[in-house]
$ cat upload18.pdb   # PDB, C-alpha atoms
ATOM      1  CA  MET A   1     118.503 126.111  13.499  1.00  0.00           C
ATOM      2  CA  LEU A   2     118.078 123.099  15.770  1.00  0.00           C
ATOM      3  CA  ILE A   3     118.427 119.542  14.449  1.00  0.00           C
ATOM      4  CA  ALA A   4     118.287 116.817  17.097  1.00  0.00           C
ATOM      5  CA  GLY A   5     118.592 113.204  15.964  1.00  0.00           C
ATOM      6  CA  PHE A   6     118.881 109.796  17.576  1.00  0.00           C
ATOM      7  CA  PRO A   7     119.008 106.157  16.377  1.00  0.00           C
ATOM      8  CA  ALA A   8     115.955 104.164  17.401  1.00  0.00           C
ATOM      9  CA  GLY A   9     114.839 100.561  17.650  1.00  0.00           C
ATOM     10  CA  ALA A  10     116.018  97.238  16.338  1.00  0.00           C
ATOM     11  CA  TRP A  11     117.364  98.731  13.093  1.00  0.00           C
ATOM     12  CA  GLY A  12     119.027 101.831  14.535  1.00  0.00           C
ATOM     13  CA  THR A  13     116.937 104.095  12.311  1.00  0.00           C
ATOM     14  CA  ASN A  14     117.712 107.791  12.640  1.00  0.00           C
ATOM     15  CA  CYS A  15     114.804 109.938  13.810  1.00  0.00           C
ATOM     16  CA  TYR A  16     115.230 113.710  13.517  1.00  0.00           C
ATOM     17  CA  LEU A  17     113.468 116.654  15.135  1.00  0.00           C
ATOM     18  CA  VAL A  18     114.000 119.924  13.275  1.00  0.00           C
ATOM     19  CA  ALA A  19     113.104 123.424  14.461  1.00  0.00           C
ATOM     20  CA  PRO A  20     114.197 127.018  13.853  1.00  0.00           C
ATOM     21  CA  ALA A  21     115.462 127.072  17.455  1.00  0.00           C
ATOM     22  CA  ALA A  22     114.846 125.607  20.898  1.00  0.00           C
ATOM     23  CA  GLY A  23     111.470 126.482  22.362  1.00  0.00           C
ATOM     24  CA  GLU A  24     109.731 126.639  18.982  1.00  0.00           C
ATOM     25  CA  GLU A  25     107.611 124.438  16.723  1.00  0.00           C
ATOM     26  CA  CYS A  26     109.276 121.459  15.076  1.00  0.00           C
ATOM     27  CA  VAL A  27     108.927 118.757  12.429  1.00  0.00           C
ATOM     28  CA  ILE A  28     109.616 115.092  13.228  1.00  0.00           C
ATOM     29  CA  ILE A  29     111.249 113.008  10.508  1.00  0.00           C
ATOM     30  CA  ASP A  30     110.930 109.186  10.484  1.00  0.00           C
ATOM     31  CA  PRO A  31     109.778 108.158  13.979  1.00  0.00           C
ATOM     32  CA  GLY A  32     110.474 104.447  13.579  1.00  0.00           C
ATOM     33  CA  HIS A  33     110.642 101.368  15.784  1.00  0.00           C
ATOM     34  CA  ARG A  34     110.701 102.300  19.497  1.00  0.00           C
ATOM     35  CA  ALA A  35     111.182 105.972  18.657  1.00  0.00           C
ATOM     36  CA  ALA A  36     108.261 107.402  20.652  1.00  0.00           C
ATOM     37  CA  ALA A  37     110.107 107.641  23.968  1.00  0.00           C
ATOM     38  CA  GLY A  38     113.100 109.304  22.323  1.00  0.00           C
ATOM     39  CA  VAL A  39     110.811 111.776  20.588  1.00  0.00           C
ATOM     40  CA  GLU A  40     109.191 112.752  23.881  1.00  0.00           C
ATOM     41  CA  GLU A  41     112.557 113.122  25.613  1.00  0.00           C
ATOM     42  CA  THR A  42     113.866 115.334  22.809  1.00  0.00           C
ATOM     43  CA  LEU A  43     110.733 117.472  22.755  1.00  0.00           C
ATOM     44  CA  LYS A  44     111.025 118.041  26.493  1.00  0.00           C
ATOM     45  CA  LYS A  45     114.771 118.703  26.408  1.00  0.00           C
ATOM     46  CA  HIS A  46     114.482 121.400  23.751  1.00  0.00           C
ATOM     47  CA  ARG A  47     110.977 122.649  24.668  1.00  0.00           C
ATOM     48  CA  LEU A  48     109.631 121.863  21.207  1.00  0.00           C
ATOM     49  CA  LYS A  49     106.064 121.642  19.904  1.00  0.00           C
ATOM     50  CA  PRO A  50     105.597 119.261  16.943  1.00  0.00           C
ATOM     51  CA  VAL A  51     103.379 120.331  14.056  1.00  0.00           C
ATOM     52  CA  ALA A  52     103.892 117.400  11.656  1.00  0.00           C
ATOM     53  CA  VAL A  53     105.572 114.057  11.033  1.00  0.00           C
ATOM     54  CA  VAL A  54     107.212 113.661   7.615  1.00  0.00           C
ATOM     55  CA  LEU A  55     108.360 110.299   6.285  1.00  0.00           C
ATOM     56  CA  THR A  56     111.129 109.478   3.819  1.00  0.00           C
ATOM     57  CA  HIS A  57     109.479 106.132   2.993  1.00  0.00           C
ATOM     58  CA  GLY A  58     107.127 103.517   4.369  1.00  0.00           C
ATOM     59  CA  HIS A  59     109.341 100.734   5.746  1.00  0.00           C
ATOM     60  CA  ILE A  60     108.416  99.763   9.280  1.00  0.00           C
ATOM     61  CA  ASP A  61     111.773 100.815  10.704  1.00  0.00           C
ATOM     62  CA  HIS A  62     110.906 104.390   9.676  1.00  0.00           C
ATOM     63  CA  VAL A  63     107.161 104.520  10.448  1.00  0.00           C
ATOM     64  CA  ALA A  64     106.526 102.198  13.401  1.00  0.00           C
ATOM     65  CA  SER A  65     105.933 105.044  15.876  1.00  0.00           C
ATOM     66  CA  VAL A  66     103.923 107.301  13.561  1.00  0.00           C
ATOM     67  CA  VAL A  67     100.529 106.417  15.070  1.00  0.00           C
ATOM     68  CA  PRO A  68     101.467 106.999  18.735  1.00  0.00           C
ATOM     69  CA  VAL A  69     103.512 110.142  17.991  1.00  0.00           C
ATOM     70  CA  CYS A  70     100.838 111.717  15.789  1.00  0.00           C
ATOM     71  CA  GLY A  71      98.118 110.696  18.217  1.00  0.00           C
ATOM     72  CA  ALA A  72      99.897 112.097  21.263  1.00  0.00           C
ATOM     73  CA  HIS A  73     100.314 115.521  19.648  1.00  0.00           C
ATOM     74  CA  ASP A  74      97.347 115.615  17.241  1.00  0.00           C
ATOM     75  CA  VAL A  75      99.532 116.267  14.192  1.00  0.00           C
ATOM     76  CA  PRO A  76      99.358 114.947  10.610  1.00  0.00           C
ATOM     77  CA  ALA A  77     101.779 112.615   8.866  1.00  0.00           C
ATOM     78  CA  TRP A  78     103.127 113.178   5.349  1.00  0.00           C
ATOM     79  CA  ILE A  79     104.107 110.265   3.092  1.00  0.00           C
ATOM     80  CA  HIS A  80     104.369 109.562  -0.644  1.00  0.00           C
ATOM     81  CA  PRO A  81     101.223 107.805  -1.941  1.00  0.00           C
ATOM     82  CA  ALA A  82     103.219 104.885  -3.371  1.00  0.00           C
ATOM     83  CA  ASP A  83     104.354 103.943   0.151  1.00  0.00           C
ATOM     84  CA  ARG A  84     101.204 104.787   2.080  1.00  0.00           C
ATOM     85  CA  TYR A  85      99.985 101.163   2.189  1.00  0.00           C
ATOM     86  CA  MET A  86     103.068 100.164   4.162  1.00  0.00           C
ATOM     87  CA  MET A  87     101.804 101.838   7.315  1.00  0.00           C
ATOM     88  CA  SER A  88      98.895  99.391   7.441  1.00  0.00           C
ATOM     89  CA  ASP A  89     100.607  96.340   5.916  1.00  0.00           C
ATOM     90  CA  PRO A  90     104.324  96.390   6.846  1.00  0.00           C
ATOM     91  CA  GLU A  91     104.909  92.701   6.144  1.00  0.00           C
ATOM     92  CA  LYS A  92     103.703  93.038   2.544  1.00  0.00           C
ATOM     93  CA  ALA A  93     106.201  95.842   2.105  1.00  0.00           C
ATOM     94  CA  LEU A  94     109.051  93.545   3.151  1.00  0.00           C
ATOM     95  CA  GLY A  95     107.895  90.421   1.311  1.00  0.00           C
ATOM     96  CA  ARG A  96     108.278  88.393   4.505  1.00  0.00           C
ATOM     97  CA  SER A  97     107.201  88.273   8.132  1.00  0.00           C
ATOM     98  CA  ILE A  98     109.193  90.538  10.419  1.00  0.00           C
ATOM     99  CA  GLY A  99     108.435  88.260  13.367  1.00  0.00           C
ATOM    100  CA  MET A 100     105.496  87.920  15.727  1.00  0.00           C
ATOM    101  CA  PRO A 101     107.328  89.137  18.867  1.00  0.00           C
ATOM    102  CA  LEU A 102     108.350  92.319  17.078  1.00  0.00           C
ATOM    103  CA  MET A 103     104.935  92.795  15.490  1.00  0.00           C
ATOM    104  CA  GLY A 104     103.429  92.605  18.961  1.00  0.00           C
ATOM    105  CA  GLU A 105     105.264  95.839  19.858  1.00  0.00           C
ATOM    106  CA  LEU A 106     103.968  97.811  16.874  1.00  0.00           C
ATOM    107  CA  THR A 107     100.880  99.938  16.362  1.00  0.00           C
ATOM    108  CA  VAL A 108     100.089  99.108  12.749  1.00  0.00           C
ATOM    109  CA  GLY A 109      97.897 101.476  10.785  1.00  0.00           C
ATOM    110  CA  GLU A 110      97.569 105.103   9.747  1.00  0.00           C
ATOM    111  CA  PRO A 111      97.255 108.144  11.994  1.00  0.00           C
ATOM    112  CA  ASP A 112      94.012 110.082  11.785  1.00  0.00           C
ATOM    113  CA  ASP A 113      95.388 112.706   9.395  1.00  0.00           C
ATOM    114  CA  VAL A 114      97.597 111.700   6.430  1.00  0.00           C
ATOM    115  CA  HIS A 115      98.812 114.031   3.680  1.00  0.00           C
ATOM    116  CA  GLU A 116     100.503 112.821   0.502  1.00  0.00           C
ATOM    117  CA  LEU A 117     103.852 114.095  -0.753  1.00  0.00           C
ATOM    118  CA  THR A 118     104.622 114.965  -4.372  1.00  0.00           C
ATOM    119  CA  ASP A 119     107.878 115.509  -6.208  1.00  0.00           C
ATOM    120  CA  GLY A 120     109.026 119.111  -6.055  1.00  0.00           C
ATOM    121  CA  ALA A 121     106.578 120.111  -3.314  1.00  0.00           C
ATOM    122  CA  ARG A 122     107.687 122.775  -0.855  1.00  0.00           C
ATOM    123  CA  LEU A 123     106.407 122.171   2.655  1.00  0.00           C
ATOM    124  CA  GLU A 124     106.292 125.197   4.936  1.00  0.00           C
ATOM    125  CA  LEU A 125     106.046 123.727   8.408  1.00  0.00           C
ATOM    126  CA  ALA A 126     107.169 125.041  11.801  1.00  0.00           C
ATOM    127  CA  GLY A 127     108.838 128.043  10.185  1.00  0.00           C
ATOM    128  CA  LEU A 128     110.920 125.712   7.992  1.00  0.00           C
ATOM    129  CA  GLU A 129     110.973 125.074   4.262  1.00  0.00           C
ATOM    130  CA  LEU A 130     111.369 121.453   3.177  1.00  0.00           C
ATOM    131  CA  THR A 131     111.738 120.652  -0.519  1.00  0.00           C
ATOM    132  CA  VAL A 132     110.503 117.190  -1.461  1.00  0.00           C
ATOM    133  CA  ALA A 133     112.270 115.088  -4.110  1.00  0.00           C
ATOM    134  CA  HIS A 134     110.749 111.786  -5.175  1.00  0.00           C
ATOM    135  CA  ALA A 135     113.664 109.322  -5.156  1.00  0.00           C
ATOM    136  CA  PRO A 136     112.499 105.757  -5.929  1.00  0.00           C
ATOM    137  CA  GLY A 137     114.901 102.857  -5.810  1.00  0.00           C
ATOM    138  CA  HIS A 138     114.795 101.727  -2.177  1.00  0.00           C
ATOM    139  CA  THR A 139     110.990 101.819  -2.357  1.00  0.00           C
ATOM    140  CA  LYS A 140     108.624 103.171  -5.004  1.00  0.00           C
ATOM    141  CA  GLY A 141     107.609 106.035  -2.745  1.00  0.00           C
ATOM    142  CA  SER A 142     110.961 107.024  -1.276  1.00  0.00           C
ATOM    143  CA  VAL A 143     111.510 110.767  -0.953  1.00  0.00           C
ATOM    144  CA  THR A 144     114.182 113.091   0.357  1.00  0.00           C
ATOM    145  CA  PHE A 145     113.838 116.440   2.105  1.00  0.00           C
ATOM    146  CA  GLY A 146     116.135 119.360   1.365  1.00  0.00           C
ATOM    147  CA  MET A 147     116.569 122.506   3.422  1.00  0.00           C
ATOM    148  CA  PRO A 148     118.284 125.645   2.090  1.00  0.00           C
ATOM    149  CA  GLU A 149     121.357 127.210   3.616  1.00  0.00           C
ATOM    150  CA  ALA A 150     120.572 129.284   6.705  1.00  0.00           C
ATOM    151  CA  ALA A 151     122.547 131.880   8.628  1.00  0.00           C
ATOM    152  CA  ASP A 152     124.090 129.326  10.960  1.00  0.00           C
ATOM    153  CA  VAL A 153     124.095 126.094   8.905  1.00  0.00           C
ATOM    154  CA  PRO A 154     124.931 124.904   5.373  1.00  0.00           C
ATOM    155  CA  PRO A 155     122.247 123.257   3.220  1.00  0.00           C
ATOM    156  CA  VAL A 156     120.831 120.102   4.812  1.00  0.00           C
ATOM    157  CA  PHE A 157     119.658 116.985   2.976  1.00  0.00           C
ATOM    158  CA  PHE A 158     117.575 114.320   4.729  1.00  0.00           C
ATOM    159  CA  SER A 159     118.310 111.394   2.425  1.00  0.00           C
ATOM    160  CA  GLY A 160     116.296 108.603   4.051  1.00  0.00           C
ATOM    161  CA  ASP A 161     117.583 105.292   2.696  1.00  0.00           C
ATOM    162  CA  LEU A 162     118.692 106.724  -0.642  1.00  0.00           C
ATOM    163  CA  LEU A 163     122.227 107.749   0.350  1.00  0.00           C
ATOM    164  CA  PHE A 164     124.344 106.733   3.345  1.00  0.00           C
ATOM    165  CA  ALA A 165     127.885 107.556   4.374  1.00  0.00           C
ATOM    166  CA  GLY A 166     129.842 105.278   2.037  1.00  0.00           C
ATOM    167  CA  SER A 167     126.846 103.357   0.719  1.00  0.00           C
ATOM    168  CA  ILE A 168     123.210 103.388  -0.434  1.00  0.00           C
ATOM    169  CA  GLY A 169     119.960 101.698   0.543  1.00  0.00           C
ATOM    170  CA  ARG A 170     119.231  98.124  -0.452  1.00  0.00           C
ATOM    171  CA  THR A 171     117.101  97.389  -3.503  1.00  0.00           C
ATOM    172  CA  ASP A 172     116.214  93.722  -3.001  1.00  0.00           C
ATOM    173  CA  LEU A 173     112.918  94.206  -1.124  1.00  0.00           C
ATOM    174  CA  PRO A 174     109.513  94.653  -2.805  1.00  0.00           C
ATOM    175  CA  GLY A 175     109.467  97.928  -4.701  1.00  0.00           C
ATOM    176  CA  GLY A 176     113.250  98.166  -4.796  1.00  0.00           C
ATOM    177  CA  ASP A 177     114.958  98.678  -8.138  1.00  0.00           C
ATOM    178  CA  MET A 178     118.659  99.284  -8.758  1.00  0.00           C
ATOM    179  CA  ASP A 179     118.126 101.145 -12.020  1.00  0.00           C
ATOM    180  CA  GLU A 180     115.701 103.508 -10.273  1.00  0.00           C
ATOM    181  CA  MET A 181     118.135 103.883  -7.378  1.00  0.00           C
ATOM    182  CA  LEU A 182     120.966 104.911  -9.689  1.00  0.00           C
ATOM    183  CA  ALA A 183     118.677 107.324 -11.540  1.00  0.00           C
ATOM    184  CA  SER A 184     117.597 108.878  -8.230  1.00  0.00           C
ATOM    185  CA  LEU A 185     121.203 109.252  -7.097  1.00  0.00           C
ATOM    186  CA  ALA A 186     122.015 111.030 -10.360  1.00  0.00           C
ATOM    187  CA  ARG A 187     118.926 113.260 -10.413  1.00  0.00           C
ATOM    188  CA  VAL A 188     118.603 114.091  -6.708  1.00  0.00           C
ATOM    189  CA  CYS A 189     122.100 113.870  -5.195  1.00  0.00           C
ATOM    190  CA  LEU A 190     124.600 114.844  -7.858  1.00  0.00           C
ATOM    191  CA  PRO A 191     123.273 118.401  -8.373  1.00  0.00           C
ATOM    192  CA  LEU A 192     123.640 119.237  -4.652  1.00  0.00           C
ATOM    193  CA  ASP A 193     126.461 121.461  -3.471  1.00  0.00           C
ATOM    194  CA  ASP A 194     129.465 119.717  -1.921  1.00  0.00           C
ATOM    195  CA  SER A 195     128.865 121.572   1.361  1.00  0.00           C
ATOM    196  CA  THR A 196     125.412 119.989   1.789  1.00  0.00           C
ATOM    197  CA  VAL A 197     125.151 118.043   5.038  1.00  0.00           C
ATOM    198  CA  VAL A 198     123.619 114.594   4.505  1.00  0.00           C
ATOM    199  CA  LEU A 199     121.503 113.235   7.373  1.00  0.00           C
ATOM    200  CA  SER A 200     120.531 109.722   6.373  1.00  0.00           C
ATOM    201  CA  GLY A 201     118.168 107.062   7.622  1.00  0.00           C
ATOM    202  CA  HIS A 202     120.967 104.982   9.119  1.00  0.00           C
ATOM    203  CA  GLY A 203     124.507 105.679  10.238  1.00  0.00           C
ATOM    204  CA  PRO A 204     126.527 108.882  10.686  1.00  0.00           C
ATOM    205  CA  GLN A 205     126.143 112.199   8.936  1.00  0.00           C
ATOM    206  CA  THR A 206     128.272 113.025   5.945  1.00  0.00           C
ATOM    207  CA  THR A 207     128.447 115.618   3.160  1.00  0.00           C
ATOM    208  CA  ILE A 208     127.731 115.479  -0.540  1.00  0.00           C
ATOM    209  CA  GLY A 209     131.341 116.417  -1.238  1.00  0.00           C
ATOM    210  CA  ARG A 210     132.648 113.518   0.816  1.00  0.00           C
ATOM    211  CA  GLU A 211     130.268 111.075  -0.863  1.00  0.00           C
ATOM    212  CA  ARG A 212     130.997 112.438  -4.321  1.00  0.00           C
ATOM    213  CA  ALA A 213     134.678 111.664  -3.678  1.00  0.00           C
ATOM    214  CA  ALA A 214     134.446 108.354  -1.816  1.00  0.00           C
ATOM    215  CA  ASN A 215     131.032 106.695  -2.132  1.00  0.00           C
ATOM    216  CA  PRO A 216     131.436 103.960  -4.790  1.00  0.00           C
ATOM    217  CA  TYR A 217     127.831 104.252  -5.981  1.00  0.00           C
ATOM    218  CA  LEU A 218     127.810 108.020  -6.311  1.00  0.00           C
ATOM    219  CA  ARG A 219     131.210 107.960  -8.008  1.00  0.00           C
ATOM    220  CA  GLN A 220     130.042 105.380 -10.527  1.00  0.00           C
ATOM    221  CA  VAL A 221     126.866 107.322 -11.254  1.00  0.00           C
ATOM    222  CA  ALA A 222     128.878 110.502 -11.744  1.00  0.00           C
ATOM    223  CA  ASP A 223     131.174 108.649 -14.152  1.00  0.00           C
ATOM    224  CA  GLY A 224     128.225 107.055 -15.963  1.00  0.00           C
ATOM    225  CA  GLN A 225     129.566 103.551 -15.426  1.00  0.00           C
ATOM    226  CA  GLY A 226     126.594 101.831 -13.802  1.00  0.00           C
ATOM    227  CA  SER A 227     126.493 100.011 -10.467  1.00  0.00           C
ATOM    228  CA  PRO A 228     129.566  98.899  -8.484  1.00  0.00           C
ATOM    229  CA  SER A 229     129.582  95.680  -6.486  1.00  0.00           C
ATOM    230  CA  ALA A 230     129.792  97.221  -3.033  1.00  0.00           C
ATOM    231  CA  PRO A 231     127.678  96.400   0.049  1.00  0.00           C
ATOM    232  CA  ARG A 232     124.428  98.251   0.661  1.00  0.00           C
ATOM    233  CA  ARG A 233     122.703  98.996   3.955  1.00  0.00           C
ATOM    234  CA  GLY A 234     119.332  99.606   5.564  1.00  0.00           C
ATOM    235  CA  MET A 235     116.343  97.345   6.172  1.00  0.00           C
TER     236      MET A 235
END
$ encode --input "upload18.pdb" --output "structure tokens"
Amino acid sequence: MLIAGFPAGAWGTNCYLVAPAAGEECVIIDPGHRAAAGVEETLKKHRLKPVAVVLTHGHIDHVASVVPVCGAHDVPAWIHPADRYMMSDPEKALGRSIGMPLMGELTVGEPDDVHELTDGARLELAGLELTVAHAPGHTKGSVTFGMPEAADVPPVFFSGDLLFAGSIGRTDLPGGDMDEMLASLARVCLPLDDSTVVLSGHGPQTTIGRERAANPYLRQVADGQGSPSAPRRGM
């Protein structure tokens, strides 16, 4: 399996391209702010052909390049319906202006073809199987994507802004809710095997085992003690 990722744009949002191997079809996860050039470079480097864009949630740092990337390759985008409006109205999603100079760089709106994600759905794209888990808390429509263990890699978990190495996503923007975040951590993350590789929306990769042992939020959820007062990350 090939997983190529890079941080993009003003928020350093991780964009991932996933394929069975070099030279094959691929899925693009979260092409955010200023990600289009990096996507094209990665496609060329690994000789990949995209078949879809899938989105962990609708914040602008994760979707800003969806329109140009989908348009350039004539592929659909997948997003949870609760976050779909954010592609066309990113400032409403943040509850504030993100700045006119920055907005001038963005192509706001939906691509021509949009499909909606549902909890428990299994997407078969580019020879891959992605299992969707609805995981509200950062936004109402946040989702994660799980991939089963393969011959050459352990299970992989694309956590978006639900779970980071040592932290979780913020819950103070419109649609955020700490109680929902904690419930999502318990329902979606805790059942995963310790060997599962976590590829998050921001920051370095980690594993479920490492986060189960050291992440203050996941530890508190596992112990049933509520929310710790530790810093959170993400937009």
$ resolve_selection --input "upload18.pdb" --expression "the PyMOL selection byres ((chain A and resi 181) around 8)" --output "MDAnalysis selection string"
chainID A and resid 135:138 162 171 176:180 182:185
$ closest_residue --input "upload18.pdb" --among "A:Leu2, A:Ile60, A:Leu163, A:Val54" --to "Thr131 of chain A" --atoms "all atoms listed in the file"
A:Val54
$ resolve_selection --input "upload18.pdb" --expression "the PyMOL selection byres ((chain A and resi 32) around 8)" --output "ChimeraX atom specification"
/A:8-9,13,15,30-31,33-36,60-66
$ atom_distance --input "upload18.pdb" --atom1 "atom CA of Val108 of chain A" --atom2 "atom CA of Val132 of chain A"
25.2 Å
$ atom_distance --input "upload18.pdb" --atom1 "atom CA of Leu123 of chain A" --atom2 "atom CA of Leu218 of chain A"
27.2 Å
